[in-house]
Each structure stands twice: as C-alpha cells, then as structure tokens.
2 protein chains.
Amino acid sequence: MKKRLFTPGPTPIPESVMLAMAEPIIHHRNPEFVEILTSVNENLKYLFQTKNPVLTLTSSGTGAMEASVANLLSPGDKAIFVNLGKFGERWGQIMKAYGVEPVEVKIEWGTAPTAELILQTLKNNPTTKAVFLTHSETSTGVFTDIKSIAAAVHEKYDIAVVVDGITSVGAHEMRFDEWGLDVIVTGSQKGLMIPPGLAFAAVSERAQKMMETSKLPKYYFSFKKALKSHADNDTPYTPAITLVIGLEKGLRMIREETVEHVWQHHKMLSEAVRNGCKAIGLELFGSPASHAVTAVNVPQGVEYSKFNKILKQKYGITTAGGQDHLKGKIFRVSHLGYYDEVDIVGAVAALEWTLHDLNFKFEPGSGVTAVQKTFAEYAAKTADESTASRQGREKAEALK
Amino acid sequence: MKKRLFTPGPTPIPESVMLAMAEPIIHHRNPEFVEILTSVNENLKYLFQTKNPVLTLTSSGTGAMEASVANLLSPGDKAIFVNLGKFGERWGQIMKAYGVEPVEVKIEWGTAPTAELILQTLKNNPTTKAVFLTHSETSTGVFTDIKSIAAAVHEKYDIAVVVDGITSVGAHEMRFDEWGLDVIVTGSQKGLMIPPGLAFAAVSERAQKMMETSKLPKYYFSFKKALKSHADNDTPYTPAITLVIGLEKGLRMIREETVEHVWQHHKMLSEAVRNGCKAIGLELFGSPASHAVTAVNVPQGVEYSKFNKILKQKYGITTAGGQDHLKGKIFRVSHLGYYDEVDIVGAVAALEWTLHDLNFKFEPGSGVTAVQKTFAEYAAKTADESTASRQGREKAEALK
C-alpha cells in the first residue's frame, strides 16, 4: 500500500532532496561543501527574515532548545516559560536541569498566552532574564502571537524573547529582525522538508551579548564556537553532511517560491483541513490554530485506537495522536512542509472513509467539498497574492 | 574525475546504504522503525562485544564525549585525561567547560600512554573519579592499549575508564565487557560506514551507577533518559531517522562479516599502507600505529600544500593534513570503514604518482609492490584466520 505521512515531524521529503543526499559523500572541509554551507547560511537568514546569523547544529530541535537556555543564562537566573502543551513544558524541564529558576505560566492546553499575561508575570518577577515562548505548540495545534508578545515585552524590558519555532518556521509569518526576537530555534524534519538530525538557532545582538556573561556549562552546543565557525561558513564539529546537502536543496525551493508564498500556502492548507473537519461534523481542539498542524477531538462514540488503525492500515495515512492527558482524546493532522492541495484532499477523504467505517454519522463528501471550496476561495484571491508576493521578493532582495 | 575519500571521517558509504537512506521517510514511532532500532540495538552490542546497552544519540562524536563527562561526574570531581593529540586534548576542554577538575597527562603527540604512567598519575591523584582515554588518536594515527590500562586501573581502583573509540570501533579489537570498560563512545561516519550525525555510547554497570549521583547538568544528552527509552527500542527525542536506517544496514554488514574479521581486515589494510609508505622511502609519524589512519611525515623538500593539491586535483584522492602544530608536517591516510585491497593499492599508487610529480626520489612501483606483498602474506595466513573467525562467531552467538 502507498503510505503517506501526515505527522508534524518527520514530514515528507521531496524526491530531489532524497536523491541529492544519496550521492557519494564529500568531506566537510572541501570547498564544495563550504559552498553548500555558504548557500545554506544565506538562505536560512532569508527564511528567518534576519541579518543575524542562523546557527546550524547537528541534533534534534530539543538540542537547540537546550542550547538557547545554556548559552544565554547563568545558574539561578529567573526565566519565564509558558506551559501551553508538551513542548512549552519542555522549556521548564530544561531550565530545571540547568539550575535556572523557571517561572511557569501554566495555561489550559489548547489555549495560547496573551501579551497581557506575560507582562503581568514580568511585573511579578521583575528580575526575569528571558521569556521562552512556543510559536506553534505541536502537541495542541495552537498558535502563539509572538509578534505582539515580543513587542509588548521589549517596550518595557531589555530581556530576551526566545521562541521555539520548531513547527512554525516556514508555516507562519515570522520576521526575526522586524519583530525584535532574540532566539528562534527550529528543526530540519519540519517546514524545511528534510530528515531529522539538524537544528537551527537564529541569534540577535542582544542574545549574543548575553552569551558573553552566561555561566551555564556548554561545549558541543556552544553558540560562541558555532558563531566563530559560522563566520567562515564552517561548523565547530563534523556536521550531518548529507542532511546539510538536502537542506541546501530544501531552502532553495523555499527561496524560489518566496517565503511569503510558503506562509500563505500553509495558511490555506490548514484552513482547508479545519473546514473539511468541521464540515464532517468534527470538533477542532484548541485555538488560535497553528498553520502547521490541526488538532481534532476524537468524536464521541469513536475509539481512537480503532480510528487510527483503520486510517493507517486500510488507507495508508499516518497522523499523530494526543500526548500525555490528551492521549486518545485528540488526533493531529500535519500540513507542514512538502504538502499540496492534492495531499490535503486525499487526507480528508481518508478521514471520511475511516469515520464511515466506524459508523460516525455525517454527509459523505462534505469534508472534501469544504476543502475544495477553501482552495477555490484562495484561488480567487490570487491577483492580490501576486502583489504581496512581489513585495515579499523585494524585501528579500534588500536583505541580501 | 572520479573522487575518492581517504579521510578518517567522513568515510565512504556503501551504495546499498545510501539508497536505503533515500527511501521515503518513515515515522520514528512506527512499528517498522521500532524493528529497525531493535536490530540496531542488538548489533551495536555485538559490535562493542557487550551485554550492556549501547545508546544512540543524534550528534557528532563530540556530543557523546560531552555526554560521558556530563552524565558520570559532578562539579569539582577530579578526572584524568591524556593529551596525546587533538582529540585526547578535547576531553580536558570538555571537563573545563563543565567545572570538572582535569588532571592532564601530557605526552608528546605521536606517542601513547602506558599503564604505568596512568597508575602513577592515579597514585598522585587518589581522589580521581575517572580516566579518559583515546583508543585511536585520529590526529596522530596512534593507538592506545586500553585493554592493559583498564586492567591495571581496575586492579587497584573502583573508578570509571572512559574511552574515545570514535575512530577505533570497527578498526581495533575491542571487548567492552571482557576488558571491563565503562564507557566507549563512537560516531557514525567512521567504522560504521554511514554519514555523520549519529553518536554512540556503551555504558557499563559502574557507569550507570555513577549516573545516579552525577550532578552536572544535562537534558538532551541525558544517559538516564536515553537508557529508559533504549529499554523499549525507542529514543527520548526524534532521532536522525534516515541515518538510523543506514546504520541498520551497515551493522548488518559487519555482523555478517563478523567483527573479528573486520578488525583483522583493518589491521591488514593499515599494515599495507605503512609498508607501502616505507618502501617509497617515507617516514611514518608516531607509534604504535592505529589501524584506522596512518600518519606520515611530509618528506623533506616536499611542500605539503603542493602535495595535497596534486593528490586531490590530479588523482582525485582526498587525505587529511596535520592539525595544530602538525599542520603541513604530516598527512594522514584513512583506511577506516568501507575500504578494500583495491582501494589501498590505488591510494598508494596515487601517492607514488604525486611524489614523482614533485621530484621526490624513490623506486617507482616500490609502494604498490609492498602493499601487494602484505596482502599476499595475509592470504597465506587464511587457514589460521578461518579458525579465528569461527571462534569469533561462536563468541558472538553466545552474546545473543
């Protein structure tokens, strides 16, 4: 059976990327590889919309999260994190492991923090050194408005705003410099369309200044060493060479399409999935919605394990389940990375077939019809989009 | 031009491994991947000759070195390391970064430490918690007799013996359990014949006990978390999936050939390179010799940069140069991983051609003749080897 992944990492890999990675390996100090890394470094800046360096680490995204804590803070420092799901919670676990004093903002899983909430927490904890956020909380499919929060924080405080962008980079508008962000981390197996094994961190001038006084231990994940090598389009330790080669191709695809178009495309796909699910009669979990992954409540009368088994074994579609207390209660459909309209119609059709097999009552075809309607509406807006696209391209040129 | 890598990492990758990694990606929690990881975990134990778990991390080998320090020790602990080259030196740098008190045993680069030297250092530093060694020092091509040192240390002290086996695993006999080692780390782009991006650590019972009281911070590199996941053939964070898929194939190749045969094969190739170089009139650098990489002095009257350029650009062969104060003074030829007799004859022939182009005086053909003579001698020993091979296979079966 033809198998299709709709999980928020790993995400599907373009065939051209897979084949580029299968070519005979080259040495990481060869001029040929330096050229690849030069292109990668430039296109990562474009992707993050920044003139600051974006560091490439060989690890999962969690490694880059840990590096952000270890490189910016010192033992006993206070830092705020938002527990809005499994990945927001992770910031706090890393802080505890490193002897940083975490200030937890716990909100209901399925909701997002407001700027007011963060400002109130800062008021109560005026010695806070940094705020750690989650742009797209993968476990709940919820989006955090980091632009507004960063603006509100920086209006009053000279502290770092650090963002887990692991499933948001490529899926959501994100302007690192314009929005005054200090660190954004992401992983390779998400919007970048390559296998897992690489992680990235954009670092602002403020973040680089904090690195000078940070006293937490680090070696492999040292941003200072990575920055020094980055200036020469090198890495301090042997990088995952084949993944960097794939990355170069993935980034080129994004640049050619323009990042604004990629954001818009994800917005459209996520809206289509949400509309499709609602038309079937499914209830969405959480809001505001991430453009990377849609979380849906398992409907009453349907057993998640049966639903998942049919979807996977009969229709070849792998989605993700709920984590921790959401296990069995939600399922998550990813539309992050290398997906197009046909993929989404197919996924929603398979949802319909699976629910039909499980005797869930709904109007057959209602899901795919809603999906197609969404695409039609977006197509009607094409003229406007072209203009937006052109403006985006001009901005990108100016960054060069 | 056909290009050939003779560098001690990355090393060449078998075509079947490259193609396996180019297949559509699968999810790391899918039963199909769990099966792959189960096979990997079993075959890593075989490779390290241990019944203890061998943990798989997504990082370069340096990440696993750092993890060994961070998971076994606490701030202020004393630990011995041997500065016998760039990689031995790295143990000390990691210790310093983590607030461990390093006791440096500095010896001339190109030599190896003896058990006596380590015992003397331990006598002078009786509160030492661990000894950090380098089985094959990649920067100098020197082999350390970790078997004798571990035996001598453990006869008198209940402390950990931690070994950087990054370029020795697969190249040198190594029996983790029998030799009483506590941690051995390695990387994927070496004897394992896959691209860089994975690192491994075998952990003894003593090491696991030390983990319980270790107070250094760690999160991504936590051995405790990795051990917990390992028991379920899982990993705590998303692993470099495609590399694990390649690894499964690489390990299968080693198991089919038997690890004893792989060790013997590396011994033969390294002896052939050394004999070839000596016959040309080149002087070897350092001893005793690693079976992974041969370091050779750049002969008087030959400029390294010219030598390297001709070898690479005219004959397509990439070797490694000297590092730090050995830059320009030595070159290093790797024979670690996926190399056979034909590769070695070719590499030594290209050395001859390059030296001839640079007017170095020697008997043309003397290098390749010495290489072939070495192979012939090994072939003559075949009957004995088969016996050894059979015994090895029986030992391996017993480990299952």
# chains A, B, ... in the order shown; residues from 1 in each chain; ligands from 1
>>> residues_around(residues="Gly85 (chain A)", least_positions_apart="2", cutoff="10 Å", atoms="only C-alpha atoms", output="PyMOL selection string")
chain A and resi 82-83+87-90+106-112+134+137-142+323-324+326
>>> closest_atom_pairs(of="chain A", to="chain B", cutoff="6 Å", atoms="only C-alpha atoms", output="JSON lines")
{"residue": "A:Met18", "atom": "CA", "partner": "B:Ala22", "partner_atom": "CA", "distance": 4.9}
{"residue": "A:Ala22", "atom": "CA", "partner": "B:Met18", "partner_atom": "CA", "distance": 4.9}
{"residue": "A:Thr58", "atom": "CA", "partner": "B:Ser59", "partner_atom": "CA", "distance": 5.2}
{"residue": "A:Ser59", "atom": "CA", "partner": "B:Ser59", "partner_atom": "CA", "distance": 5.1}
{"residue": "A:Gly63", "atom": "CA", "partner": "B:Tyr220", "partner_atom": "CA", "distance": 5.7}
{"residue": "A:Ala97", "atom": "CA", "partner": "B:Pro217", "partner_atom": "CA", "distance": 5.6}
{"residue": "A:Tyr98", "atom": "CA", "partner": "B:Pro217", "partner_atom": "CA", "distance": 5.2}
{"residue": "A:Pro196", "atom": "CA", "partner": "B:Ala240", "partner_atom": "CA", "distance": 4.8}
{"residue": "A:Gly197", "atom": "CA", "partner": "B:Ala240", "partner_atom": "CA", "distance": 4.4}
{"residue": "A:Pro217", "atom": "CA", "partner": "B:Tyr98", "partner_atom": "CA", "distance": 5.2}
{"residue": "A:Tyr220", "atom": "CA", "partner": "B:Gly63", "partner_atom": "CA", "distance": 5.7}
{"residue": "A:Ala240", "atom": "CA", "partner": "B:Gly197", "partner_atom": "CA", "distance": 4.4}
>>> residues_around(residues="Val54 (chain A)", least_positions_apart="6", cutoff="7 Å", atoms="only C-alpha atoms", output="PyMOL selection string")
chain A and resi 41+44-45+200-203
>>> atom_distance(atom1="CA of Leu227 (chain A)", atom2="CA of Ile80 (chain A)")
25.8 Å
>>> residues_around(residues="Ile118 (chain B)", least_positions_apart="2", cutoff="12 Å", atoms="only C-alpha atoms", output="PDB file with N, CA and C atoms, in the first residue's frame")
ATOM      1  N   ALA B  79      39.297  14.256  37.306  1.00  0.00           N
ATOM      2  CA  ALA B  79      39.339  13.214  36.277  1.00  0.00           C
ATOM      3  C   ALA B  79      40.638  13.349  35.482  1.00  0.00           C
ATOM      4  N   ILE B  80      41.199  12.210  35.122  1.00  0.00           N
ATOM      5  CA  ILE B  80      42.451  12.179  34.357  1.00  0.00           C
ATOM      6  C   ILE B  80      42.136  12.097  32.867  1.00  0.00           C
ATOM      7  N   PHE B  81      42.873  12.866  32.077  1.00  0.00           N
ATOM      8  CA  PHE B  81      42.806  12.661  30.624  1.00  0.00           C
ATOM      9  C   PHE B  81      44.217  12.719  30.062  1.00  0.00           C
ATOM     10  N   VAL B  82      44.397  12.074  28.919  1.00  0.00           N
ATOM     11  CA  VAL B  82      45.724  12.024  28.294  1.00  0.00           C
ATOM     12  C   VAL B  82      45.727  12.931  27.077  1.00  0.00           C
ATOM     13  N   VAL B 103      42.958  16.426  35.362  1.00  0.00           N
ATOM     14  CA  VAL B 103      44.370  16.116  35.614  1.00  0.00           C
ATOM     15  C   VAL B 103      44.949  15.715  34.264  1.00  0.00           C
ATOM     16  N   GLU B 104      45.772  16.598  33.713  1.00  0.00           N
ATOM     17  CA  GLU B 104      46.276  16.381  32.356  1.00  0.00           C
ATOM     18  C   GLU B 104      47.548  15.534  32.360  1.00  0.00           C
ATOM     19  N   VAL B 105      47.519  14.462  31.587  1.00  0.00           N
ATOM     20  CA  VAL B 105      48.743  13.692  31.349  1.00  0.00           C
ATOM     21  C   VAL B 105      49.185  14.072  29.945  1.00  0.00           C
ATOM     22  N   LYS B 106      50.141  14.992  29.883  1.00  0.00           N
ATOM     23  CA  LYS B 106      50.549  15.480  28.567  1.00  0.00           C
ATOM     24  C   LYS B 106      51.749  14.681  28.074  1.00  0.00           C
ATOM     25  N   ILE B 107      51.599  14.041  26.941  1.00  0.00           N
ATOM     26  CA  ILE B 107      52.725  13.301  26.356  1.00  0.00           C
ATOM     27  C   ILE B 107      52.941  13.820  24.937  1.00  0.00           C
ATOM     28  N   ALA B 112      51.921   7.162  22.789  1.00  0.00           N
ATOM     29  CA  ALA B 112      50.740   6.685  23.518  1.00  0.00           C
ATOM     30  C   ALA B 112      51.084   6.509  24.995  1.00  0.00           C
ATOM     31  N   PRO B 113      50.089   6.618  25.863  1.00  0.00           N
ATOM     32  CA  PRO B 113      50.361   6.439  27.293  1.00  0.00           C
ATOM     33  C   PRO B 113      50.495   4.958  27.663  1.00  0.00           C
ATOM     34  N   THR B 114      51.289   4.675  28.705  1.00  0.00           N
ATOM     35  CA  THR B 114      51.404   3.308  29.210  1.00  0.00           C
ATOM     36  C   THR B 114      50.543   3.173  30.465  1.00  0.00           C
ATOM     37  N   ALA B 115      50.282   1.936  30.839  1.00  0.00           N
ATOM     38  CA  ALA B 115      49.520   1.678  32.064  1.00  0.00           C
ATOM     39  C   ALA B 115      50.277   2.243  33.270  1.00  0.00           C
ATOM     40  N   GLU B 116      51.607   2.159  33.249  1.00  0.00           N
ATOM     41  CA  GLU B 116      52.430   2.658  34.371  1.00  0.00           C
ATOM     42  C   GLU B 116      52.201   4.152  34.578  1.00  0.00           C
ATOM     43  N   GLN B 120      50.718   5.844  37.900  1.00  0.00           N
ATOM     44  CA  GLN B 120      51.493   6.841  38.638  1.00  0.00           C
ATOM     45  C   GLN B 120      50.644   8.097  38.864  1.00  0.00           C
ATOM     46  N   THR B 121      49.925   8.511  37.812  1.00  0.00           N
ATOM     47  CA  THR B 121      49.081   9.705  37.913  1.00  0.00           C
ATOM     48  C   THR B 121      47.946   9.476  38.917  1.00  0.00           C
ATOM     49  N   LEU B 122      47.419   8.280  38.924  1.00  0.00           N
ATOM     50  CA  LEU B 122      46.356   7.948  39.878  1.00  0.00           C
ATOM     51  C   LEU B 122      46.894   7.966  41.306  1.00  0.00           C
ATOM     52  N   LYS B 123      48.134   7.501  41.473  1.00  0.00           N
ATOM     53  CA  LYS B 123      48.769   7.478  42.800  1.00  0.00           C
ATOM     54  C   LYS B 123      48.905   8.916  43.310  1.00  0.00           C
ATOM     55  N   ASN B 124      49.244   9.830  42.400  1.00  0.00           N
ATOM     56  CA  ASN B 124      49.397  11.239  42.775  1.00  0.00           C
ATOM     57  C   ASN B 124      48.056  11.947  42.946  1.00  0.00           C
ATOM     58  N   ASN B 125      46.995  11.342  42.402  1.00  0.00           N
ATOM     59  CA  ASN B 125      45.667  11.961  42.475  1.00  0.00           C
ATOM     60  C   ASN B 125      44.645  10.916  42.904  1.00  0.00           C
ATOM     61  N   PRO B 126      44.739  10.519  44.173  1.00  0.00           N
ATOM     62  CA  PRO B 126      43.930   9.369  44.618  1.00  0.00           C
ATOM     63  C   PRO B 126      42.422   9.610  44.627  1.00  0.00           C
ATOM     64  N   THR B 128      40.710  10.763  42.162  1.00  0.00           N
ATOM     65  CA  THR B 128      40.229  10.741  40.771  1.00  0.00           C
ATOM     66  C   THR B 128      39.003   9.840  40.618  1.00  0.00           C
ATOM     67  N   ALA B 130      37.550   9.238  37.404  1.00  0.00           N
ATOM     68  CA  ALA B 130      37.506   8.547  36.107  1.00  0.00           C
ATOM     69  C   ALA B 130      38.767   8.855  35.300  1.00  0.00           C
ATOM     70  N   VAL B 131      39.105   7.913  34.422  1.00  0.00           N
ATOM     71  CA  VAL B 131      40.232   8.101  33.499  1.00  0.00           C
ATOM     72  C   VAL B 131      39.676   8.130  32.086  1.00  0.00           C
ATOM     73  N   PHE B 132      40.003   9.179  31.345  1.00  0.00           N
ATOM     74  CA  PHE B 132      39.501   9.337  29.977  1.00  0.00           C
ATOM     75  C   PHE B 132      40.634   9.076  28.979  1.00  0.00           C
ATOM     76  N   LEU B 133      40.426   8.106  28.087  1.00  0.00           N
ATOM     77  CA  LEU B 133      41.463   7.687  27.138  1.00  0.00           C
ATOM     78  C   LEU B 133      40.989   7.857  25.691  1.00  0.00           C
ATOM     79  N   THR B 144      46.230   3.482  21.493  1.00  0.00           N
ATOM     80  CA  THR B 144      46.462   3.316  22.937  1.00  0.00           C
ATOM     81  C   THR B 144      45.951   1.948  23.364  1.00  0.00           C
ATOM     82  N   ASP B 145      46.769   1.238  24.134  1.00  0.00           N
ATOM     83  CA  ASP B 145      46.415  -0.103  24.599  1.00  0.00           C
ATOM     84  C   ASP B 145      45.437   0.000  25.780  1.00  0.00           C
ATOM     85  N   ILE B 146      44.183   0.259  25.456  1.00  0.00           N
ATOM     86  CA  ILE B 146      43.183   0.474  26.514  1.00  0.00           C
ATOM     87  C   ILE B 146      42.923  -0.789  27.326  1.00  0.00           C
ATOM     88  N   SER B 148      45.141  -3.059  28.444  1.00  0.00           N
ATOM     89  CA  SER B 148      46.112  -3.133  29.547  1.00  0.00           C
ATOM     90  C   SER B 148      45.855  -2.035  30.572  1.00  0.00           C
ATOM     91  N   ILE B 149      45.565  -0.835  30.090  1.00  0.00           N
ATOM     92  CA  ILE B 149      45.359   0.285  31.025  1.00  0.00           C
ATOM     93  C   ILE B 149      44.125   0.045  31.886  1.00  0.00           C
ATOM     94  N   ALA B 150      43.024  -0.401  31.247  1.00  0.00           N
ATOM     95  CA  ALA B 150      41.798  -0.652  32.008  1.00  0.00           C
ATOM     96  C   ALA B 150      42.043  -1.743  33.047  1.00  0.00           C
ATOM     97  N   ALA B 151      42.767  -2.778  32.676  1.00  0.00           N
ATOM     98  CA  ALA B 151      43.053  -3.875  33.614  1.00  0.00           C
ATOM     99  C   ALA B 151      43.876  -3.365  34.789  1.00  0.00           C
ATOM    100  N   ALA B 152      44.903  -2.577  34.497  1.00  0.00           N
ATOM    101  CA  ALA B 152      45.775  -2.054  35.552  1.00  0.00           C
ATOM    102  C   ALA B 152      44.997  -1.125  36.488  1.00  0.00           C
ATOM    103  N   VAL B 153      44.181  -0.246  35.897  1.00  0.00           N
ATOM    104  CA  VAL B 153      43.401   0.703  36.711  1.00  0.00           C
ATOM    105  C   VAL B 153      42.424  -0.051  37.610  1.00  0.00           C
ATOM    106  N   HIS B 154      41.679  -0.966  37.028  1.00  0.00           N
ATOM    107  CA  HIS B 154      40.617  -1.646  37.782  1.00  0.00           C
ATOM    108  C   HIS B 154      41.157  -2.644  38.801  1.00  0.00           C
ATOM    109  N   LYS B 156      43.344  -1.875  40.916  1.00  0.00           N
ATOM    110  CA  LYS B 156      43.563  -1.102  42.148  1.00  0.00           C
ATOM    111  C   LYS B 156      42.449  -0.119  42.491  1.00  0.00           C
ATOM    112  N   TYR B 157      41.708   0.338  41.488  1.00  0.00           N
ATOM    113  CA  TYR B 157      40.754   1.429  41.732  1.00  0.00           C
ATOM    114  C   TYR B 157      39.356   1.093  41.216  1.00  0.00           C
ATOM    115  N   VAL B 161      36.660   3.882  33.539  1.00  0.00           N
ATOM    116  CA  VAL B 161      37.571   4.050  32.404  1.00  0.00           C
ATOM    117  C   VAL B 161      36.701   4.370  31.189  1.00  0.00           C
TER     118      VAL B 161
END
>>> select_by_dssp(residues="region 9-253 of chain A", states="helix (DSSP H, G or I)", output="number ranges by chain")
A: 15-21, 31-48, 61-72, 86-97, 115-124, 146-156, 205-213, 223-230, 241-253
>>> atom_distance(atom1="CA of Val273 (chain B)", atom2="CA of Phe33 (chain A)")
27.9 Å
>>> closest_residue(among="B:Gly365, B:Gly191, B:Ile254, B:Thr167", to="Tyr46 (chain B)", atoms="only C-alpha atoms")
B:Ile254
>>> closest_residue(among="A:Gln300, A:Asn275, A:Thr294, A:Asn359", to="Thr374 (chain A)", atoms="only C-alpha atoms")
A:Asn275
